[in-house]
Structures are given as C-alpha cells and as structure tokens.
file query03.cif (mmCIF, C-alpha atoms)
data_upload
loop_
_atom_site.label_atom_id
_atom_site.label_comp_id
_atom_site.auth_asym_id
_atom_site.auth_seq_id
_atom_site.Cartn_x
_atom_site.Cartn_y
_atom_site.Cartn_z
CA MET A 1 -18.58 -45.60 -28.13
CA THR A 2 -21.62 -45.10 -30.35
CA THR A 3 -22.24 -46.95 -33.60
CA THR A 4 -24.43 -46.24 -36.63
CA ASP A 5 -27.10 -48.44 -35.02
CA ASP A 6 -27.37 -46.29 -31.89
CA PRO A 7 -30.28 -43.82 -31.68
CA VAL A 8 -29.25 -40.28 -32.58
CA LEU A 9 -31.44 -38.89 -29.80
CA LEU A 10 -31.91 -40.35 -26.34
CA SER A 11 -34.93 -39.56 -24.17
CA ASP A 12 -35.25 -40.16 -20.44
CA ASP A 13 -38.08 -39.29 -18.04
CA SER A 14 -37.76 -38.80 -14.30
CA ASP A 15 -40.33 -37.18 -11.99
CA GLY A 16 -41.82 -34.95 -14.66
CA VAL A 17 -38.46 -34.01 -16.20
CA ARG A 18 -37.70 -35.20 -19.72
CA THR A 19 -34.06 -35.14 -20.79
CA LEU A 20 -33.22 -35.20 -24.49
CA THR A 21 -29.60 -36.11 -25.23
CA LEU A 22 -28.07 -35.52 -28.65
CA ASN A 23 -26.24 -38.80 -29.19
CA ARG A 24 -23.60 -38.40 -31.90
CA PRO A 25 -20.52 -37.94 -29.69
CA HIS A 26 -18.16 -39.08 -32.47
CA ARG A 27 -19.20 -35.87 -34.30
CA LYS A 28 -19.47 -33.73 -31.14
CA ASN A 29 -23.24 -34.17 -31.56
CA ALA A 30 -23.37 -32.39 -34.90
CA ILE A 31 -26.99 -32.54 -36.04
CA SER A 32 -27.59 -34.89 -38.96
CA PRO A 33 -30.75 -34.86 -41.11
CA GLU A 34 -32.03 -37.79 -39.05
CA LEU A 35 -31.35 -35.96 -35.80
CA TRP A 36 -33.16 -32.80 -36.96
CA VAL A 37 -36.28 -34.86 -37.56
CA ALA A 38 -35.91 -36.81 -34.32
CA LEU A 39 -35.45 -33.59 -32.35
CA ARG A 40 -38.51 -31.97 -33.93
CA ASP A 41 -40.64 -35.01 -33.17
CA ALA A 42 -39.34 -35.26 -29.61
CA LEU A 43 -40.08 -31.60 -28.89
CA ASN A 44 -43.58 -31.88 -30.30
CA ASP A 45 -44.17 -35.03 -28.25
CA ALA A 46 -42.95 -33.33 -25.07
CA GLY A 47 -45.35 -30.47 -25.71
CA ARG A 48 -48.30 -32.86 -25.96
CA ASP A 49 -47.36 -35.13 -23.05
CA ARG A 50 -48.92 -33.84 -19.82
CA ARG A 51 -46.56 -35.99 -17.79
CA VAL A 52 -43.67 -33.81 -18.95
CA ARG A 53 -43.40 -30.73 -16.74
CA SER A 54 -39.91 -29.51 -17.75
CA LEU A 55 -37.37 -30.37 -20.44
CA VAL A 56 -33.56 -30.60 -20.46
CA ILE A 57 -31.53 -30.68 -23.68
CA THR A 58 -27.92 -31.84 -23.51
CA GLY A 59 -25.27 -33.69 -25.50
CA ALA A 60 -23.45 -36.99 -25.07
CA GLY A 61 -19.72 -37.47 -24.72
CA GLY A 62 -18.66 -34.15 -23.22
CA ALA A 63 -19.95 -31.84 -25.98
CA PHE A 64 -23.26 -30.05 -26.35
CA CYS A 65 -23.51 -29.65 -30.12
CA SER A 66 -21.07 -28.63 -32.86
CA GLY A 67 -23.85 -27.42 -35.16
CA ALA A 68 -25.39 -28.90 -38.25
CA ASP A 69 -23.45 -31.79 -39.74
CA ILE A 70 -22.55 -30.36 -43.15
CA GLY A 71 -20.39 -33.39 -43.94
CA ILE A 72 -23.37 -35.66 -44.65
CA PRO A 73 -24.55 -35.77 -48.29
CA ASP A 74 -28.10 -34.49 -48.49
CA ASP A 75 -29.53 -34.05 -51.97
CA ILE A 76 -32.91 -32.56 -51.11
CA HIS A 77 -33.70 -28.96 -52.03
CA PRO A 78 -32.26 -26.38 -49.59
CA THR A 79 -35.80 -25.18 -48.89
CA TYR A 80 -36.58 -28.53 -47.27
CA LYS A 81 -33.24 -28.63 -45.46
CA LEU A 82 -33.92 -25.28 -43.82
CA ALA A 83 -37.50 -26.32 -43.03
CA ARG A 84 -36.06 -28.93 -40.67
CA LEU A 85 -34.27 -26.19 -38.74
CA THR A 86 -37.34 -23.96 -38.71
CA ASP A 87 -39.46 -26.80 -37.35
CA VAL A 88 -37.02 -27.43 -34.48
CA ALA A 89 -36.57 -23.74 -33.61
CA LEU A 90 -40.32 -23.10 -33.50
CA ALA A 91 -41.09 -26.32 -31.60
CA LEU A 92 -38.55 -25.35 -28.95
CA HIS A 93 -39.63 -21.70 -28.74
CA GLU A 94 -43.33 -22.52 -28.52
CA LEU A 95 -42.99 -25.53 -26.21
CA PRO A 96 -45.39 -24.84 -23.31
CA LYS A 97 -42.92 -26.24 -20.77
CA PRO A 98 -39.82 -24.60 -19.25
CA THR A 99 -36.61 -25.74 -20.95
CA VAL A 100 -32.99 -25.94 -19.79
CA ALA A 101 -29.88 -26.36 -21.94
CA LYS A 102 -27.13 -28.26 -20.13
CA VAL A 103 -23.98 -27.28 -21.99
CA THR A 104 -20.74 -29.16 -21.57
CA GLY A 105 -17.95 -28.69 -24.11
CA VAL A 106 -18.66 -26.94 -27.39
CA ALA A 107 -21.85 -25.21 -28.49
CA VAL A 108 -21.26 -24.02 -32.03
CA GLY A 109 -23.41 -22.52 -34.78
CA ALA A 110 -26.87 -24.03 -34.78
CA GLY A 111 -25.81 -25.94 -31.67
CA TRP A 112 -25.31 -22.70 -29.77
CA ASN A 113 -28.61 -21.32 -31.05
CA LEU A 114 -30.29 -24.54 -29.93
CA ALA A 115 -29.04 -23.77 -26.42
CA LEU A 116 -30.07 -20.11 -26.68
CA GLY A 117 -33.55 -21.23 -27.72
CA CYS A 118 -33.98 -22.82 -24.31
CA ASP A 119 -35.38 -20.75 -21.46
CA LEU A 120 -32.33 -21.23 -19.22
CA VAL A 121 -28.73 -22.19 -20.01
CA VAL A 122 -26.31 -23.91 -17.62
CA ALA A 123 -22.68 -24.30 -18.69
CA THR A 124 -19.36 -25.40 -17.22
CA PRO A 125 -16.21 -23.24 -17.11
CA GLU A 126 -14.80 -25.41 -19.91
CA SER A 127 -17.72 -24.72 -22.27
CA THR A 128 -17.00 -22.72 -25.42
CA PHE A 129 -19.35 -20.97 -27.82
CA SER A 130 -19.20 -19.71 -31.39
CA GLN A 131 -21.55 -18.36 -34.04
CA ILE A 132 -19.31 -20.04 -36.57
CA PHE A 133 -21.52 -19.51 -39.62
CA SER A 134 -19.43 -16.86 -41.40
CA LYS A 135 -16.35 -19.09 -41.23
CA ARG A 136 -18.33 -21.66 -43.19
CA GLY A 137 -19.52 -19.14 -45.77
CA LEU A 138 -23.00 -19.18 -44.27
CA SER A 139 -25.31 -16.74 -42.53
CA ILE A 140 -26.77 -17.21 -39.09
CA ASP A 141 -29.69 -19.64 -38.65
CA LEU A 142 -31.83 -21.59 -36.16
CA GLY A 143 -33.27 -18.33 -34.85
CA GLY A 144 -29.94 -16.73 -33.99
CA SER A 145 -30.76 -13.53 -35.88
CA TRP A 146 -33.79 -13.09 -33.58
CA LEU A 147 -32.31 -14.44 -30.34
CA LEU A 148 -28.91 -12.73 -30.23
CA PRO A 149 -29.99 -9.07 -30.54
CA LYS A 150 -32.63 -9.60 -27.86
CA LEU A 151 -30.12 -11.14 -25.48
CA VAL A 152 -27.00 -9.01 -26.03
CA GLY A 153 -28.05 -5.98 -28.08
CA LEU A 154 -27.44 -5.30 -31.73
CA GLN A 155 -23.74 -4.39 -31.67
CA GLN A 156 -22.63 -7.41 -29.66
CA ALA A 157 -24.85 -9.63 -31.79
CA LYS A 158 -23.10 -8.31 -34.91
CA ARG A 159 -19.71 -8.86 -33.33
CA LEU A 160 -20.48 -12.48 -32.47
CA ALA A 161 -22.09 -13.27 -35.83
CA LEU A 162 -19.78 -11.36 -38.19
CA LEU A 163 -16.45 -12.28 -36.58
CA ALA A 164 -17.47 -15.81 -35.53
CA GLU A 165 -15.19 -15.55 -32.50
CA THR A 166 -15.05 -18.33 -29.94
CA ILE A 167 -15.87 -17.16 -26.44
CA ASP A 168 -15.62 -18.97 -23.14
CA ALA A 169 -18.31 -19.54 -20.52
CA ALA A 170 -17.23 -16.57 -18.42
CA GLU A 171 -17.72 -14.15 -21.32
CA ALA A 172 -20.95 -15.83 -22.35
CA PHE A 173 -22.21 -15.34 -18.79
CA ALA A 174 -21.14 -11.69 -18.80
CA LEU A 175 -23.08 -11.19 -22.05
CA ASN A 176 -26.23 -12.81 -20.58
CA LEU A 177 -25.93 -15.77 -22.95
CA VAL A 178 -25.52 -18.24 -20.07
CA THR A 179 -27.70 -18.22 -16.97
CA TRP A 180 -25.34 -20.13 -14.65
CA VAL A 181 -21.78 -21.45 -14.83
CA VAL A 182 -21.13 -24.41 -12.54
CA SER A 183 -18.30 -26.91 -12.33
CA ALA A 184 -18.34 -30.05 -14.44
CA ALA A 185 -18.53 -32.10 -11.25
CA GLU A 186 -21.67 -30.26 -10.13
CA ILE A 187 -23.59 -29.63 -13.34
CA ASP A 188 -25.61 -32.87 -13.32
CA ALA A 189 -26.88 -32.29 -9.79
CA PHE A 190 -27.43 -28.57 -10.43
CA VAL A 191 -29.49 -29.14 -13.58
CA GLY A 192 -31.35 -32.01 -11.94
CA ASP A 193 -32.40 -29.78 -9.05
CA LEU A 194 -33.25 -26.88 -11.38
CA ALA A 195 -35.38 -29.00 -13.72
CA GLY A 196 -37.06 -30.61 -10.72
CA ARG A 197 -38.03 -27.22 -9.31
CA LEU A 198 -39.44 -26.19 -12.69
CA ALA A 199 -41.35 -29.48 -12.95
CA ALA A 200 -42.87 -28.86 -9.51
CA GLY A 201 -44.19 -25.46 -10.55
CA PRO A 202 -47.76 -24.69 -11.71
CA PRO A 203 -47.77 -25.99 -15.32
CA ILE A 204 -50.46 -23.72 -16.73
CA ALA A 205 -49.06 -20.60 -15.10
CA LEU A 206 -45.50 -21.38 -16.20
CA ALA A 207 -46.62 -22.07 -19.77
CA GLN A 208 -48.48 -18.76 -19.88
CA THR A 209 -45.63 -16.82 -18.28
CA LYS A 210 -43.17 -18.25 -20.81
CA ALA A 211 -45.45 -17.29 -23.70
CA LEU A 212 -46.05 -13.80 -22.27
CA LEU A 213 -42.33 -13.14 -21.93
CA ASN A 214 -41.58 -14.43 -25.42
CA GLU A 215 -44.37 -12.37 -26.96
CA GLY A 216 -43.84 -9.29 -24.81
CA ALA A 217 -40.54 -8.39 -26.44
CA ASP A 218 -42.38 -7.51 -29.66
CA ARG A 219 -45.56 -5.97 -28.24
CA THR A 220 -46.63 -2.58 -26.95
CA LEU A 221 -47.31 -2.17 -23.24
CA ARG A 222 -51.04 -2.07 -24.01
CA ASP A 223 -50.77 -5.40 -25.84
CA ALA A 224 -48.73 -6.91 -23.02
CA LEU A 225 -51.21 -5.84 -20.37
CA ALA A 226 -54.12 -7.28 -22.34
CA ASN A 227 -52.28 -10.58 -22.76
CA GLU A 228 -51.39 -10.68 -19.07
CA ALA A 229 -55.03 -10.19 -18.09
CA ARG A 230 -56.13 -12.94 -20.47
CA ALA A 231 -53.54 -15.34 -19.07
CA GLN A 232 -54.32 -14.56 -15.44
CA ILE A 233 -58.01 -15.33 -15.94
CA GLY A 234 -56.97 -18.78 -17.14
CA ASN A 235 -54.78 -19.24 -14.08
CA PHE A 236 -57.64 -18.39 -11.72
CA ALA A 237 -59.64 -21.20 -13.33
CA THR A 238 -57.08 -23.82 -12.29
CA ALA A 239 -56.75 -25.50 -8.92
CA ASP A 240 -53.17 -24.23 -8.62
CA ALA A 241 -54.03 -20.66 -7.59
CA ALA A 242 -56.24 -21.87 -4.74
CA ALA A 243 -53.63 -24.46 -3.76
CA ALA A 244 -50.96 -21.77 -3.57
CA TYR A 245 -53.11 -19.51 -1.38
CA ALA A 246 -53.97 -22.42 0.92
CA ALA A 247 -50.34 -23.49 1.21
CA PHE A 248 -49.26 -19.93 1.99
CA SER A 249 -51.79 -19.62 4.80
CA GLU A 250 -50.78 -23.02 6.17
CA ARG A 251 -47.03 -22.27 5.82
CA ARG A 252 -46.25 -25.25 3.61
CA GLU A 253 -45.16 -25.86 0.01
CA PRO A 254 -48.01 -26.16 -2.53
CA SER A 255 -48.55 -29.13 -4.82
CA PHE A 256 -49.38 -27.99 -8.35
CA THR A 257 -51.33 -30.09 -10.85
CA GLY A 258 -52.62 -27.71 -13.52
CA ARG A 259 -56.10 -29.18 -13.02
CA TRP A 260 -59.11 -27.21 -14.27
CA ALA A 261 -60.89 -26.05 -11.12
CA LEU A 262 -64.44 -25.31 -12.27
CA SER A 263 -66.81 -27.65 -10.49
CA LYS A 264 -69.68 -29.46 -12.15
CA SER A 265 -72.16 -27.12 -10.48
CA ASP A 266 -70.31 -24.12 -11.93
CA SER A 267 -70.58 -25.39 -15.50
CA LYS A 268 -73.48 -24.08 -17.56
CA THR A 269 -73.59 -27.26 -19.59
CA GLY A 270 -73.47 -29.57 -16.60
CA GLU A 271 -70.54 -31.44 -18.19
CA GLU A 272 -67.60 -32.50 -16.08
CA SER A 273 -64.49 -30.40 -16.46
CA GLU A 274 -61.20 -31.96 -17.40
#

call {"tool": "encode", "arguments": {"input": "query03.cif", "output": "structure tokens"}}
result
Amino acid sequence: MTTTDDPVLLSDDSDGVRTLTLNRPHRKNAISPELWVALRDALNDAGRDRRVRSLVITGAGGAFCSGADIGIPDDIHPTYKLARLTDVALALHELPKPTVAKVTGVAVGAGWNLALGCDLVVATPESTFSQIFSKRGLSIDLGGSWLLPKLVGLQQAKRLALLAETIDAAEAFALNLVTWVVSAAEIDAFVGDLAGRLAAGPPIALAQTKALLNEGADRTLRDALANEARAQIGNFATADAAAAYAAFSERREPSFTGRWALSKSDSKTGEESE
C-alpha cells in the first residue's frame, strides 16, 4: 500500500529498457500535479540518456491510469495546468526512442491518451478504456483530438469522444487502439520481450523511422520522400548499416550501437567522430 511519502513515479532500467510506473494505485494512478511534472521530467531524461533504448509506461496496482486527478485542489491559472499536459504529450510524442504502453485495468481520459501516445499498446482482456471527458463536462485533451482520428477515423473518434462510452480490450483491438491483447499472466513477459527487441534495434534508425511515421501523416508524398532520403543518409553514416549487412552475409544477428561510423581519415577537420 502506497503512502503520501512514496514517489508518484517509479523508474527502473534493465538492459536498455526503462520502465516508468505511475505509482498512485490508491487513485488508480490518476495523475496529480506532481505526477505531471515528474512524468515530463522522466520523459525528457529518457530522451537524453543514450543508455535508454526503449521505454515502457505502465501503472501500479492493477490499473494503468484513470486520468487527471481533478480531486486535488490546484489554484494556478488553467493555462499553466494545461501546459503540464502539453509538455507531457509532446515529450512522449517526440521521444526519439520506441515506447510501449503496458495497460492493465482502466485507461481513462488523459490516461487512455497517454497510452495512445505510445508507439505500441499492450493490454489484457480485462482492460477497459474510455474518453470520459464529456461526462466530466470537459473536452478531450492530452493529444486525443489529434490521435483518435488518425487511429480510428473521424466518425469513430467522434463516437468515442462525444458519448464517452467504456469499451473493452477486444473492441479497442478491433478499432486499432490496442496493438496486442495478452493474458494478465503473460503480459509482463510479453512486454519484457517486446521492449527488449526494440532496445536491441538500431537506435538512430528507429528514432528516424518513428519521426518519419509521425510526420508523414501530415505531409505530402513529396515531403515524405525528401524526409526519408534525409534520414537514410544519416543511417548510412552510422556503424549499424554496415553491421547489419555483415551480419546478413554471415547469417547471424547484428549488434546495433548507433555509433557514428565516419573514420578519422574521412573527416575533413581531422577531428575524431563521436
């Protein structure tokens, strides 16, 4: 059982995988002002830390997140309150590492949009989801107005947001709002293996692929092709492309580092590459 002295966000690192656990189980991990700030800082730190190769977000105590905790008095101007949400949504969206939401129990309101902001979502059959905002007299936030139409189309997005229905994991999967549904007994091992595979991937290439996919939804084909060419040039300058070719020819798995591959003799300045 957690107390007021327990950290609102737990962080654990294992073999390149960082797991962030929302730790307010007594409130089904509803996000307090303190937790918004802690989550923003943790996401920014994960983006800067080269040891982190993939990120998992989950919740303690059998729930993912029941949304923003509107029961906590907070006298600051609403502009600053919403800035906390904006900071988290952008930090998650722009994080140059693949992200996985591990959803057990409820994912409601901003909590569901936190999961949708991750690159991949794993849920259990018992998980439930709701864009509950309208039942609270509020409009959709934490990027839901951008995420939902892209994932399910405009009509289904309106249905979910306007009616604030609760749907189960099977329907969420059918609507492409969940990537996998696995049993509660298997989800830890499944997400561990998934995050491990992402962490073993080429970090520069994965970061660029994630950014290209995120940006491509709002670009013309000409823009997308230009961005792809720019990104691929950067990939060819890492050791990972050569490592992948060598591993393929030798029929083994490659080891990716993201290291800059230009040698000292290739540099015009004669400076060592990093």

call {"tool": "atom_distance", "arguments": {"input": "query03.cif", "atom1": "CA of Ala207 in chain A", "atom2": "CA of Pro98 in chain A"}}
result
7.3 Å

call {"tool": "residues_near_point", "arguments": {"input": "query03.cif", "point": "(-23.8, -40.6, -41.3)", "cutoff": "10 Å", "atoms": "only C-alpha atoms", "output": "PyMOL selection string"}}
result
chain A and resi 4+24+27+32-34+69+71-73

call {"tool": "atom_distance", "arguments": {"input": "query03.cif", "atom1": "CA of Ala246 in chain A", "atom2": "CA of Pro203 in chain A"}}
result
17.7 Å

call {"tool": "residues_around", "arguments": {"input": "query03.cif", "residues": "Val106 in chain A", "least_positions_apart": "6", "cutoff": "7 Å", "atoms": "only C-alpha atoms", "output": "NGL selection string"}}
result
:A and (63-66 or 127-129)

call {"tool": "closest_residue", "arguments": {"input": "query03.cif", "among": "A:Thr124, A:Asn235, A:Ser134, A:Thr257", "to": "Asp188 in chain A", "atoms": "only C-alpha atoms"}}
result
A:Thr124

call {"tool": "closest_residue", "arguments": {"input": "query03.cif", "among": "A:Asp193, A:Asp87, A:Asp6, A:Asp141", "to": "Leu116 in chain A", "atoms": "all atoms listed in the file"}}
result
A:Asp141

call {"tool": "residues_around", "arguments": {"input": "query03.cif", "residues": "Val88 in chain A", "least_positions_apart": "5", "cutoff": "12 Å", "atoms": "only C-alpha atoms", "output": "ChimeraX atom specification"}}
result
/A:31,33,35-44,81-83,93-95,110-111,113-115,117-118,141-143

call {"tool": "closest_residue", "arguments": {"input": "query03.cif", "among": "A:Pro254, A:Gly192, A:Pro202, A:Pro96", "to": "Asn214 in chain A", "atoms": "only C-alpha atoms"}}
result
A:Pro96

call {"tool": "closest_residue", "arguments": {"input": "query03.cif", "among": "A:Ala241, A:Leu225, A:Val122, A:Ala200", "to": "Val182 in chain A", "atoms": "all atoms listed in the file"}}
result
A:Val122

call {"tool": "atom_distance", "arguments": {"input": "query03.cif", "atom1": "CA of Ala244 in chain A", "atom2": "CA of Ala189 in chain A"}}
result
27.0 Å

call {"tool": "resolve_selection", "arguments": {"input": "query03.cif", "expression": "the PyMOL selection byres ((chain A and resi 123) around 10)", "output": "PyMOL selection string"}}
result
chain A and resi 64+101-107+121-122+124-128+168-170+172-173+178-184+187+191

call {"tool": "closest_residue", "arguments": {"input": "query03.cif", "among": "A:Gln131, A:Val56, A:Asp223, A:Ala242", "to": "Phe190 in chain A", "atoms": "only C-alpha atoms"}}
result
A:Val56

call {"tool": "residues_around", "arguments": {"input": "query03.cif", "residues": "Ile140 in chain A", "least_positions_apart": "6", "cutoff": "12 Å", "atoms": "only C-alpha atoms", "output": "list in words"}}
result
Gly67, Ala68, Leu82, Leu85, Val108, Gly109, Ala110, Gly111, Trp112, Asn113, Ser130, Gln131, Ile132, Phe133, Ser134, Trp146, Leu147, Leu148, Ala157, Lys158, Leu160, Ala161, Leu162, Leu163 and Ala164 of chain A

call {"tool": "closest_residue", "arguments": {"input": "query03.cif", "among": "A:Arg136, A:Thr58, A:Leu206, A:Val100", "to": "Ile70 in chain A", "atoms": "all atoms listed in the file"}}
result
A:Arg136

call {"tool": "residues_around", "arguments": {"input": "query03.cif", "residues": "Ala199 in chain A", "least_positions_apart": "2", "cutoff": "8 Å", "atoms": "only C-alpha atoms", "output": "PyMOL selection string"}}
result
chain A and resi 15-17+52-54+195-197+201+203

call {"tool": "decode", "arguments": {"input": "query03.cif", "residues": "range 162-237 of chain A", "atoms": "C-alpha atoms", "output": "mmCIF file, in the first residue's frame"}}
result
data_model
loop_
_atom_site.group_PDB
_atom_site.id
_atom_site.type_symbol
_atom_site.label_atom_id
_atom_site.label_comp_id
_atom_site.auth_asym_id
_atom_site.auth_seq_id
_atom_site.Cartn_x
_atom_site.Cartn_y
_atom_site.Cartn_z
ATOM 1 C CA LEU A 162 -18.847 12.545 -27.609
ATOM 2 C CA LEU A 163 -20.525 9.544 -25.956
ATOM 3 C CA ALA A 164 -17.653 8.749 -23.571
ATOM 4 C CA GLU A 165 -18.534 5.062 -23.757
ATOM 5 C CA THR A 166 -16.417 2.473 -21.995
ATOM 6 C CA ILE A 167 -15.069 -0.176 -24.336
ATOM 7 C CA ASP A 168 -13.240 -3.395 -23.589
ATOM 8 C CA ALA A 169 -9.876 -4.575 -24.880
ATOM 9 C CA ALA A 170 -11.403 -6.666 -27.658
ATOM 10 C CA GLU A 171 -13.187 -3.651 -29.144
ATOM 11 C CA ALA A 172 -10.152 -1.439 -28.643
ATOM 12 C CA PHE A 173 -8.103 -4.003 -30.569
ATOM 13 C CA ALA A 174 -10.700 -4.143 -33.351
ATOM 14 C CA LEU A 175 -10.536 -0.346 -33.624
ATOM 15 C CA ASN A 176 -6.702 -0.392 -33.851
ATOM 16 C CA LEU A 177 -6.385 1.328 -30.471
ATOM 17 C CA VAL A 178 -4.521 -1.643 -28.960
ATOM 18 C CA THR A 179 -1.671 -3.435 -30.715
ATOM 19 C CA TRP A 180 -1.847 -6.720 -28.773
ATOM 20 C CA VAL A 181 -4.144 -8.263 -26.173
ATOM 21 C CA VAL A 182 -2.447 -10.861 -23.977
ATOM 22 C CA SER A 183 -3.466 -12.529 -20.741
ATOM 23 C CA ALA A 184 -2.700 -10.920 -17.411
ATOM 24 C CA ALA A 185 -0.442 -13.861 -16.593
ATOM 25 C CA GLU A 186 1.615 -13.285 -19.752
ATOM 26 C CA ILE A 187 1.722 -9.514 -20.134
ATOM 27 C CA ASP A 188 4.888 -8.924 -18.091
ATOM 28 C CA ALA A 189 6.890 -11.448 -20.103
ATOM 29 C CA PHE A 190 5.344 -10.298 -23.392
ATOM 30 C CA VAL A 191 6.156 -6.626 -22.810
ATOM 31 C CA GLY A 192 9.600 -7.514 -21.485
ATOM 32 C CA ASP A 193 10.411 -9.419 -24.662
ATOM 33 C CA LEU A 194 8.893 -6.710 -26.874
ATOM 34 C CA ALA A 195 10.784 -3.866 -25.189
ATOM 35 C CA GLY A 196 13.962 -5.929 -25.288
ATOM 36 C CA ARG A 197 13.642 -6.446 -29.033
ATOM 37 C CA LEU A 198 13.086 -2.724 -29.532
ATOM 38 C CA ALA A 199 16.087 -1.931 -27.322
ATOM 39 C CA ALA A 200 18.246 -4.264 -29.429
ATOM 40 C CA GLY A 201 17.327 -2.439 -32.632
ATOM 41 C CA PRO A 202 19.417 0.252 -34.366
ATOM 42 C CA PRO A 203 18.763 3.349 -32.210
ATOM 43 C CA ILE A 204 19.355 6.015 -34.849
ATOM 44 C CA ALA A 205 17.328 4.213 -37.495
ATOM 45 C CA LEU A 206 14.435 3.536 -35.112
ATOM 46 C CA ALA A 207 14.398 7.153 -33.941
ATOM 47 C CA GLN A 208 14.280 8.380 -37.531
ATOM 48 C CA THR A 209 11.639 5.851 -38.564
ATOM 49 C CA LYS A 210 9.431 6.886 -35.638
ATOM 50 C CA ALA A 211 9.792 10.565 -36.548
ATOM 51 C CA LEU A 212 9.125 9.869 -40.243
ATOM 52 C CA LEU A 213 5.938 7.961 -39.469
ATOM 53 C CA ASN A 214 4.704 10.625 -37.054
ATOM 54 C CA GLU A 215 5.428 13.418 -39.511
ATOM 55 C CA GLY A 216 4.302 11.544 -42.614
ATOM 56 C CA ALA A 217 0.635 11.607 -41.650
ATOM 57 C CA ASP A 218 0.562 15.368 -42.229
ATOM 58 C CA ARG A 219 2.888 15.661 -45.222
ATOM 59 C CA THR A 220 2.600 15.296 -48.977
ATOM 60 C CA LEU A 221 4.274 12.330 -50.649
ATOM 61 C CA ARG A 222 6.957 14.690 -51.979
ATOM 62 C CA ASP A 223 7.675 15.904 -48.434
ATOM 63 C CA ALA A 224 7.747 12.339 -47.114
ATOM 64 C CA LEU A 225 10.185 11.180 -49.772
ATOM 65 C CA ALA A 226 12.510 14.107 -49.089
ATOM 66 C CA ASN A 227 12.434 13.368 -45.362
ATOM 67 C CA GLU A 228 13.088 9.672 -45.970
ATOM 68 C CA ALA A 229 16.131 10.472 -48.103
ATOM 69 C CA ARG A 230 17.479 12.831 -45.451
ATOM 70 C CA ALA A 231 17.027 10.218 -42.736
ATOM 71 C CA GLN A 232 18.571 7.404 -44.747
ATOM 72 C CA ILE A 233 21.734 9.427 -45.372
ATOM 73 C CA GLY A 234 22.103 9.726 -41.605
ATOM 74 C CA ASN A 235 21.648 5.978 -41.211
ATOM 75 C CA PHE A 236 24.388 5.224 -43.749
ATOM 76 C CA ALA A 237 26.757 7.301 -41.605
#
